[in-house]
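Novice: Pasting protein_21.txt here (compact mmCIF, C-alpha atoms):
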```
# COMPACT_ATOMS: atom_id res chain seq x y z
CA MET A 1 13.49 13.70 9.64
CA ASN A 2 12.83 10.09 8.73
CA TYR A 3 13.12 8.54 12.19
CA LYS A 4 12.28 8.85 15.88
CA ILE A 5 13.78 6.95 18.82
CA THR A 6 12.26 6.36 22.26
CA SER A 7 12.63 3.81 25.08
CA ILE A 8 10.42 1.32 26.87
CA SER A 9 9.29 2.92 30.13
CA ASP A 10 8.04 1.50 33.42
CA SER A 11 4.84 3.55 33.37
CA PRO A 12 1.54 1.65 33.57
CA ARG A 13 0.75 2.63 29.97
CA VAL A 14 2.51 4.77 27.37
CA GLU A 15 1.16 5.22 23.84
CA LEU A 16 3.85 5.82 21.21
CA LYS A 17 1.82 7.19 18.30
CA GLU A 18 3.03 10.73 18.80
CA SER A 19 6.52 10.14 20.17
CA LEU A 20 7.34 7.86 17.22
CA ASN A 21 5.21 9.79 14.69
CA LEU A 22 3.45 6.56 13.68
CA SER A 23 0.83 6.47 10.92
CA GLY A 24 0.36 2.75 10.26
CA ALA A 25 0.24 1.40 13.81
CA GLU A 26 -0.46 2.37 17.39
CA ILE A 27 1.97 0.87 19.90
CA SER A 28 1.48 1.00 23.64
CA ILE A 29 3.93 -0.15 26.31
CA ASN A 30 2.14 -1.52 29.35
CA THR A 31 3.20 -2.64 32.84
CA LEU A 32 0.73 -4.56 35.01
CA PRO A 33 1.75 -5.16 38.66
CA ALA A 34 1.76 -8.77 39.89
CA LYS A 35 -1.79 -10.15 40.38
CA SER A 36 -3.43 -7.14 38.72
CA TYR A 37 -5.43 -7.23 35.50
CA VAL A 38 -7.04 -5.06 32.87
CA PRO A 39 -10.54 -4.69 34.33
CA PHE A 40 -12.55 -5.25 31.14
CA VAL A 41 -12.82 -7.61 28.18
CA HIS A 42 -12.48 -5.89 24.81
CA SER A 43 -12.55 -6.54 21.09
CA HIS A 44 -12.03 -4.27 18.08
CA LYS A 45 -13.99 -3.01 15.10
CA GLU A 46 -11.29 -3.23 12.43
CA ASN A 47 -7.88 -3.48 14.06
CA GLU A 48 -5.86 -6.60 14.79
CA GLU A 49 -3.51 -6.53 17.77
CA ILE A 50 -0.10 -8.10 18.31
CA TYR A 51 1.25 -8.44 21.85
CA ILE A 52 4.92 -8.94 22.71
CA ILE A 53 5.70 -9.97 26.30
CA PHE A 54 8.96 -8.38 27.50
CA GLU A 55 8.93 -9.46 31.16
CA GLY A 56 6.92 -11.59 33.56
CA GLU A 57 4.16 -14.16 33.45
CA GLY A 58 0.44 -13.80 32.99
CA LYS A 59 -2.81 -15.11 31.60
CA LEU A 60 -4.59 -14.32 28.37
CA PHE A 61 -8.37 -14.72 28.28
CA ILE A 62 -9.60 -15.05 24.72
CA ASP A 63 -13.14 -15.99 23.63
CA GLY A 64 -13.71 -18.09 26.74
CA LYS A 65 -10.31 -19.83 26.78
CA GLU A 66 -7.42 -19.03 29.12
CA GLU A 67 -3.77 -19.36 28.03
CA SER A 68 -0.55 -18.89 30.01
CA ILE A 69 1.74 -16.20 28.62
CA LYS A 70 5.29 -15.26 29.60
CA LYS A 71 8.43 -13.36 28.59
CA GLY A 72 9.29 -14.07 24.97
CA ASN A 73 5.75 -14.89 23.81
CA ILE A 74 4.25 -13.00 20.90
CA PHE A 75 0.59 -13.38 20.08
CA ALA A 76 -1.83 -11.88 17.59
CA VAL A 77 -5.58 -11.39 18.07
CA LYS A 78 -8.09 -10.80 15.26
CA PRO A 79 -10.43 -7.80 15.69
CA SER A 80 -13.39 -9.85 16.91
CA GLY A 81 -11.43 -11.78 19.55
CA LYS A 82 -12.75 -10.95 23.04
CA ARG A 83 -9.61 -10.57 25.15
CA ALA A 84 -8.40 -9.68 28.64
CA ILE A 85 -5.00 -9.94 30.34
CA LYS A 86 -3.94 -10.69 33.91
CA ALA A 87 -0.44 -10.42 35.40
CA VAL A 88 0.78 -13.35 37.53
CA SER A 89 4.16 -11.71 38.17
CA GLU A 90 4.80 -8.13 37.01
CA LEU A 91 4.00 -8.17 33.31
CA LYS A 92 5.54 -5.79 30.80
CA PHE A 93 4.34 -5.92 27.21
CA ALA A 94 3.90 -4.04 23.96
CA CYS A 95 0.52 -3.96 22.24
CA ILE A 96 0.69 -3.16 18.52
CA GLN A 97 -2.56 -2.20 16.81
CA VAL A 98 -2.83 -2.30 13.00
CA LYS A 99 -5.74 -2.28 10.56
CA GLU A 100 -6.68 -5.81 9.50
CA GLY A 101 -5.75 -6.45 5.86
CA SER A 102 -3.84 -3.17 5.50
CA LEU A 103 -0.39 -4.45 4.56
CA LYS A 104 -0.28 -4.63 0.76
CA GLN A 105 3.38 -5.23 0.01
CA TRP A 106 5.64 -7.52 1.95
CA THR A 107 9.39 -7.30 2.40
CA LYS A 108 10.47 -8.67 -0.97
CA ASP A 109 8.29 -6.25 -2.95
CA ASP A 110 8.49 -3.21 -0.72
CA GLY A 111 12.20 -3.03 0.06
CA ILE A 112 14.71 -1.02 -1.98
CA ILE A 113 18.48 -1.55 -1.74
CA ASN A 114 20.28 1.81 -1.54
CA GLU A 115 23.78 1.87 -3.01
CA ASP A 116 24.25 5.66 -2.97
CA ILE A 117 24.99 5.90 0.75
CA LYS A 118 26.74 3.73 3.34
CA PRO A 119 27.61 3.56 7.04
CA SER A 120 31.11 3.83 8.49
CA TRP A 121 31.27 0.06 9.12
CA PHE A 122 30.91 -1.05 5.46
CA MET B 1 -9.78 -19.17 15.83
CA ASN B 2 -9.16 -15.54 16.70
CA TYR B 3 -5.59 -15.83 17.99
CA LYS B 4 -2.17 -17.38 17.48
CA ILE B 5 0.72 -17.56 19.96
CA THR B 6 4.42 -18.01 19.22
CA SER B 7 7.75 -17.21 20.93
CA ILE B 8 10.83 -15.13 20.20
CA SER B 9 13.50 -17.46 18.87
CA ASP B 10 17.30 -17.24 18.71
CA SER B 11 17.39 -17.83 14.96
CA PRO B 12 19.14 -15.20 12.81
CA ARG B 13 15.78 -14.19 11.30
CA VAL B 14 12.22 -15.47 11.69
CA GLU B 15 9.26 -13.88 9.90
CA LEU B 16 5.96 -14.19 11.77
CA LYS B 17 3.40 -13.38 9.07
CA GLU B 18 2.30 -16.98 8.69
CA SER B 19 2.80 -18.29 12.21
CA LEU B 20 0.72 -15.41 13.63
CA ASN B 21 -1.65 -15.20 10.63
CA LEU B 22 -0.97 -11.47 10.29
CA SER B 23 -2.71 -9.30 7.70
CA GLY B 24 -1.87 -5.75 8.81
CA ALA B 25 1.82 -6.10 9.65
CA GLU B 26 4.89 -8.19 8.98
CA ILE B 27 7.00 -8.85 12.06
CA SER B 28 10.46 -10.39 11.97
CA ILE B 29 12.59 -11.41 14.94
CA ASN B 30 16.28 -10.95 14.24
CA THR B 31 19.50 -11.87 16.05
CA LEU B 32 22.80 -10.35 14.89
CA PRO B 33 26.01 -11.74 16.45
CA ALA B 34 28.37 -9.23 18.12
CA LYS B 35 30.24 -7.06 15.58
CA SER B 36 28.16 -8.31 12.64
CA TYR B 37 25.83 -6.16 10.55
CA VAL B 38 23.14 -6.29 7.90
CA PRO B 39 25.29 -6.02 4.74
CA PHE B 40 23.15 -3.50 2.85
CA VAL B 41 21.38 -0.16 3.29
CA HIS B 42 17.66 -0.29 2.51
CA SER B 43 14.57 1.86 2.32
CA HIS B 44 10.94 1.06 1.49
CA LYS B 45 8.36 1.96 -1.11
CA GLU B 46 5.30 2.35 1.12
CA ASN B 47 5.94 0.68 4.48
CA GLU B 48 7.11 2.29 7.69
CA GLU B 49 9.13 0.14 10.08
CA ILE B 50 9.25 0.03 13.86
CA TYR B 51 12.17 -1.66 15.60
CA ILE B 52 12.13 -2.88 19.21
CA ILE B 53 15.51 -3.82 20.73
CA PHE B 54 15.15 -6.79 23.10
CA GLU B 55 18.80 -7.43 23.93
CA GLY B 56 22.23 -5.98 23.28
CA GLU B 57 23.78 -2.82 21.89
CA GLY B 58 24.26 -1.64 18.35
CA LYS B 59 24.35 1.17 15.84
CA LEU B 60 21.64 2.50 13.56
CA PHE B 61 22.74 4.18 10.33
CA ILE B 62 19.98 6.40 8.97
CA ASP B 63 20.29 8.88 6.09
CA GLY B 64 23.96 9.52 6.79
CA LYS B 65 23.68 9.76 10.60
CA GLU B 66 24.72 7.10 13.11
CA GLU B 67 22.87 6.57 16.40
CA SER B 68 23.62 4.23 19.31
CA ILE B 69 20.81 1.78 20.08
CA LYS B 70 20.40 -0.65 22.96
CA LYS B 71 17.99 -2.91 24.86
CA GLY B 72 14.74 -1.05 25.55
CA ASN B 73 14.96 1.33 22.60
CA ILE B 74 12.09 1.52 20.13
CA PHE B 75 12.48 3.45 16.92
CA ALA B 76 10.37 4.11 13.86
CA VAL B 77 11.65 4.79 10.33
CA LYS B 78 9.60 6.37 7.51
CA PRO B 79 9.58 4.49 4.18
CA SER B 80 12.20 6.72 2.52
CA GLY B 81 14.70 6.51 5.40
CA LYS B 82 17.88 4.78 4.24
CA ARG B 83 18.82 2.47 7.11
CA ALA B 84 21.33 -0.17 8.20
CA ILE B 85 22.02 -1.86 11.55
CA LYS B 86 25.19 -3.13 13.19
CA ALA B 87 25.48 -5.19 16.38
CA VAL B 88 28.09 -4.07 18.94
CA SER B 89 27.18 -6.88 21.35
CA GLU B 90 24.73 -9.61 20.27
CA LEU B 91 21.63 -7.71 19.18
CA LYS B 92 18.14 -9.17 19.28
CA PHE B 93 15.28 -7.12 17.87
CA ALA B 94 11.83 -7.15 16.33
CA CYS B 95 11.18 -5.31 13.08
CA ILE B 96 7.51 -4.45 12.49
CA GLN B 97 6.51 -3.39 8.98
CA VAL B 98 3.19 -1.59 8.38
CA LYS B 99 1.79 0.45 5.50
CA GLU B 100 2.32 4.16 6.06
CA GLY B 101 -0.98 5.93 6.76
CA SER B 102 -2.97 2.69 7.05
CA LEU B 103 -4.31 2.96 10.59
CA LYS B 104 -7.69 4.69 10.37
CA GLN B 105 -9.15 4.25 13.82
CA TRP B 106 -7.20 4.56 17.05
CA THR B 107 -7.88 2.87 20.36
CA LYS B 108 -10.73 5.09 21.56
CA ASP B 109 -12.78 4.66 18.36
CA ASP B 110 -11.87 1.10 17.46
CA GLY B 111 -12.25 -0.65 20.80
CA ILE B 112 -15.45 -2.34 21.98
CA ILE B 113 -16.08 -3.31 25.61
CA ASN B 114 -17.54 -6.83 25.84
CA GLU B 115 -19.83 -7.46 28.77
CA ASP B 116 -21.23 -10.80 27.60
CA ILE B 117 -18.18 -12.85 28.56
CA LYS B 118 -15.58 -12.75 31.33
CA PRO B 119 -12.43 -14.48 32.59
CA SER B 120 -12.18 -16.53 35.77
CA TRP B 121 -10.36 -13.70 37.59
CA PHE B 122 -13.15 -11.09 37.33
```
Could you express the structure from this file as structure tokens?

Specialist:
Amino acid sequence: MNYKITSISDSPRVELKESLNLSGAEISINTLPAKSYVPFVHSHKENEEIYIIFEGEGKLFIDGKEESIKKGNIFAVKPSGKRAIKAVSELKFACIQVKEGSLKQWTKDDGIINEDIKPSWF
Amino acid sequence: MNYKITSISDSPRVELKESLNLSGAEISINTLPAKSYVPFVHSHKENEEIYIIFEGEGKLFIDGKEESIKKGNIFAVKPSGKRAIKAVSELKFACIQVKEGSLKQWTKDDGIINEDIKPSWF
């Protein structure tokens, strides 16, 4: 089967690699209670991370700077960025991990239009 | 600089490759008005896609099947999956494109704890 569907949960952390059968990304869904924080600063060896904030407000620490983040923000961090996150109000976010430099073909070159099959609404 | 921050917009389609300086993924933010749909079925040569539904309800067509999708759903589609999306109510979603098989190291092996720097809240 070519697809898998799941839902965003309220658990503190759920990794979706297996439930979505991912091979080019790891995605975690994270919920930090108000005023809590991830208790370490981390960077990566070869993976870049993209964060999407679904709910709440928080702070991003990155290489000595601190930025406010909130619902609707999306940010990307290069592997060597030293990062940590704190929730101001309850913070729900996705963290998407991909190998830096791994995407070789972008939409225009990688997409194929399929005319042999169509949905009921066409 | 090791990071870039942007926000989800209400535009019909915004690609974030350049604004987030991405190299391992393309991410687009898409808004489909109620009852509208992407007017073609497509698949990919080598990229898998992950969709995150932020708002609304819709339908996913995939390889001849039709599934209901709504806010909070996340689904992944293998390159060869022939897919199309329709909005039932206004549908806002992210589409994340990554090269199939490209992630080589997962969180446990790729992460580094940094003890030389810390945020104001530690």

Novice: Select from chain A every residue with an atom at most 6 Å from any atom of chain B, then for each give the shortest pair of atoms and their distance in Å to one decimal, using all atoms listed in the file, rows by chain and rising number, as CSV.

Specialist:
```
residue,atom,partner,partner_atom,distance
A:Asn2,CA,B:Lys78,CA,5.1
A:Tyr3,CA,B:Val77,CA,4.4
A:Lys4,CA,B:Ala76,CA,5.5
A:Ile5,CA,B:Phe75,CA,4.2
A:Thr6,CA,B:Ile74,CA,5.3
A:Ser7,CA,B:Asn73,CA,4.2
A:Ile8,CA,B:Gly72,CA,5.1
A:Leu20,CA,B:Ala76,CA,5.9
A:Ser23,CA,B:Gly101,CA,4.6
A:Gly24,CA,B:Ser102,CA,4.6
A:Ala25,CA,B:Leu103,CA,5.8
A:Val41,CA,B:Asn114,CA,5.3
A:His42,CA,B:Ile113,CA,4.5
A:Ser43,CA,B:Ile112,CA,5.2
A:His44,CA,B:Gly111,CA,4.5
A:Lys45,CA,B:Asp110,CA,5.2
A:Phe61,CA,B:Pro119,CA,5.9
A:Gly72,CA,B:Ile8,CA,5.1
A:Asn73,CA,B:Ser7,CA,4.2
A:Ile74,CA,B:Thr6,CA,5.3
A:Phe75,CA,B:Ile5,CA,4.2
A:Ala76,CA,B:Tyr3,CA,5.5
A:Val77,CA,B:Tyr3,CA,4.4
A:Lys78,CA,B:Asn2,CA,5.1
A:Gly81,CA,B:Asn2,CA,5.2
A:Val98,CA,B:Gly24,CA,5.5
A:Lys99,CA,B:Leu103,CA,5.4
A:Glu100,CA,B:Gly24,CA,4.9
A:Gly101,CA,B:Ser23,CA,4.6
A:Ser102,CA,B:Gly24,CA,4.6
A:Leu103,CA,B:Gly24,CA,4.7
A:Asp110,CA,B:Lys45,CA,5.2
A:Gly111,CA,B:His44,CA,4.5
A:Ile112,CA,B:Ser43,CA,5.2
A:Ile113,CA,B:His42,CA,4.5
A:Asn114,CA,B:His42,CA,5.3
A:Pro119,CA,B:Phe61,CA,5.9
```

Novice: How far is it from CA of Phe93 in chain B to CA of Gly58 in chain A, in Å with one decimal?

Specialist: 22.2 Å

Novice: What is the CA of Cys95 in chain A to CA of Ala34 in chain B distance in Å?

Specialist: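 Result for CA of Cys95 in chain A versus CA of Ala34 in chain B: 28.6 Å, one decimal.
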
Novice: Between CA of Val88 in chain A and CA of Ser11 in chain A, what is the distance, to one decimal in Å?

Specialist: 17.9 Å

Novice: With all atoms listed in the file as the basis for distance, which of A:Asp10, A:Leu32, A:Glu90, A:Lys108 is at the shortest distance from Glu57 in chain A?

Specialist: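 Ranking A:Asp10, A:Leu32, A:Glu90, A:Lys108 by distance to Glu57 in chain A, first place goes to A:Glu90.
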
Novice: Any chance you could work out the axis-aligned box around range 54-69 of chain B, listed atoms only, 8 Å on each side, giving centre and edge lengths in Å to one decimal, as AutoDock Vina command-line options?

Specialist:
```
--center_x 19.9 --center_y 1.2 --center_z 15.0 --size_x 25.6 --size_y 33.2 --size_z 33.8
```

Novice: Residues within 6 Å of Asn30 in chain A, please, as JSON, numbers by chain. Count only C-alpha atoms; anything in the same chain fewer than 5 positions from it doesn't count.

Specialist: {"A": [12, 13, 92, 93]}

Novice: How would range 22-39 of chain B look with N, CA and C atoms restored, written as a compact mmCIF listing (two decimals), keeping the file's coordinate frame?

Specialist:
```txt
# COMPACT_ATOMS: atom_id res chain seq x y z
N LEU B 22 -0.86 -12.93 10.32
CA LEU B 22 -0.97 -11.47 10.29
C LEU B 22 -1.47 -10.97 8.94
N SER B 23 -2.25 -9.89 8.97
CA SER B 23 -2.71 -9.30 7.70
C SER B 23 -2.46 -7.79 7.65
N GLY B 24 -2.09 -7.20 8.78
CA GLY B 24 -1.87 -5.75 8.81
C GLY B 24 -0.43 -5.38 9.12
N ALA B 25 0.43 -6.36 9.31
CA ALA B 25 1.82 -6.10 9.65
C ALA B 25 2.65 -7.32 9.29
N GLU B 26 3.91 -7.10 8.97
CA GLU B 26 4.89 -8.19 8.98
C GLU B 26 5.79 -7.94 10.18
N ILE B 27 6.08 -8.98 10.94
CA ILE B 27 7.00 -8.85 12.06
C ILE B 27 8.10 -9.89 11.88
N SER B 28 9.34 -9.44 11.97
CA SER B 28 10.46 -10.39 11.97
C SER B 28 11.21 -10.25 13.28
N ILE B 29 11.73 -11.39 13.75
CA ILE B 29 12.59 -11.41 14.94
C ILE B 29 13.99 -11.73 14.44
N ASN B 30 14.94 -10.88 14.82
CA ASN B 30 16.28 -10.95 14.24
C ASN B 30 17.33 -11.01 15.34
N THR B 31 18.37 -11.83 15.13
CA THR B 31 19.50 -11.87 16.05
C THR B 31 20.79 -11.69 15.24
N LEU B 32 21.52 -10.63 15.56
CA LEU B 32 22.80 -10.35 14.89
C LEU B 32 23.92 -10.63 15.88
N PRO B 33 24.88 -11.50 15.54
CA PRO B 33 26.01 -11.74 16.45
C PRO B 33 26.82 -10.45 16.67
N ALA B 34 27.53 -10.39 17.81
CA ALA B 34 28.37 -9.23 18.12
C ALA B 34 29.27 -8.90 16.94
N LYS B 35 29.37 -7.62 16.64
CA LYS B 35 30.24 -7.06 15.58
C LYS B 35 29.77 -7.37 14.16
N SER B 36 28.65 -8.06 14.00
CA SER B 36 28.16 -8.31 12.64
C SER B 36 27.17 -7.21 12.25
N TYR B 37 26.79 -7.18 11.00
CA TYR B 37 25.83 -6.16 10.55
C TYR B 37 25.05 -6.65 9.34
N VAL B 38 23.91 -6.04 9.11
CA VAL B 38 23.14 -6.29 7.90
C VAL B 38 23.94 -5.67 6.74
N PRO B 39 24.29 -6.47 5.72
CA PRO B 39 25.29 -6.02 4.74
C PRO B 39 24.74 -5.14 3.61
```
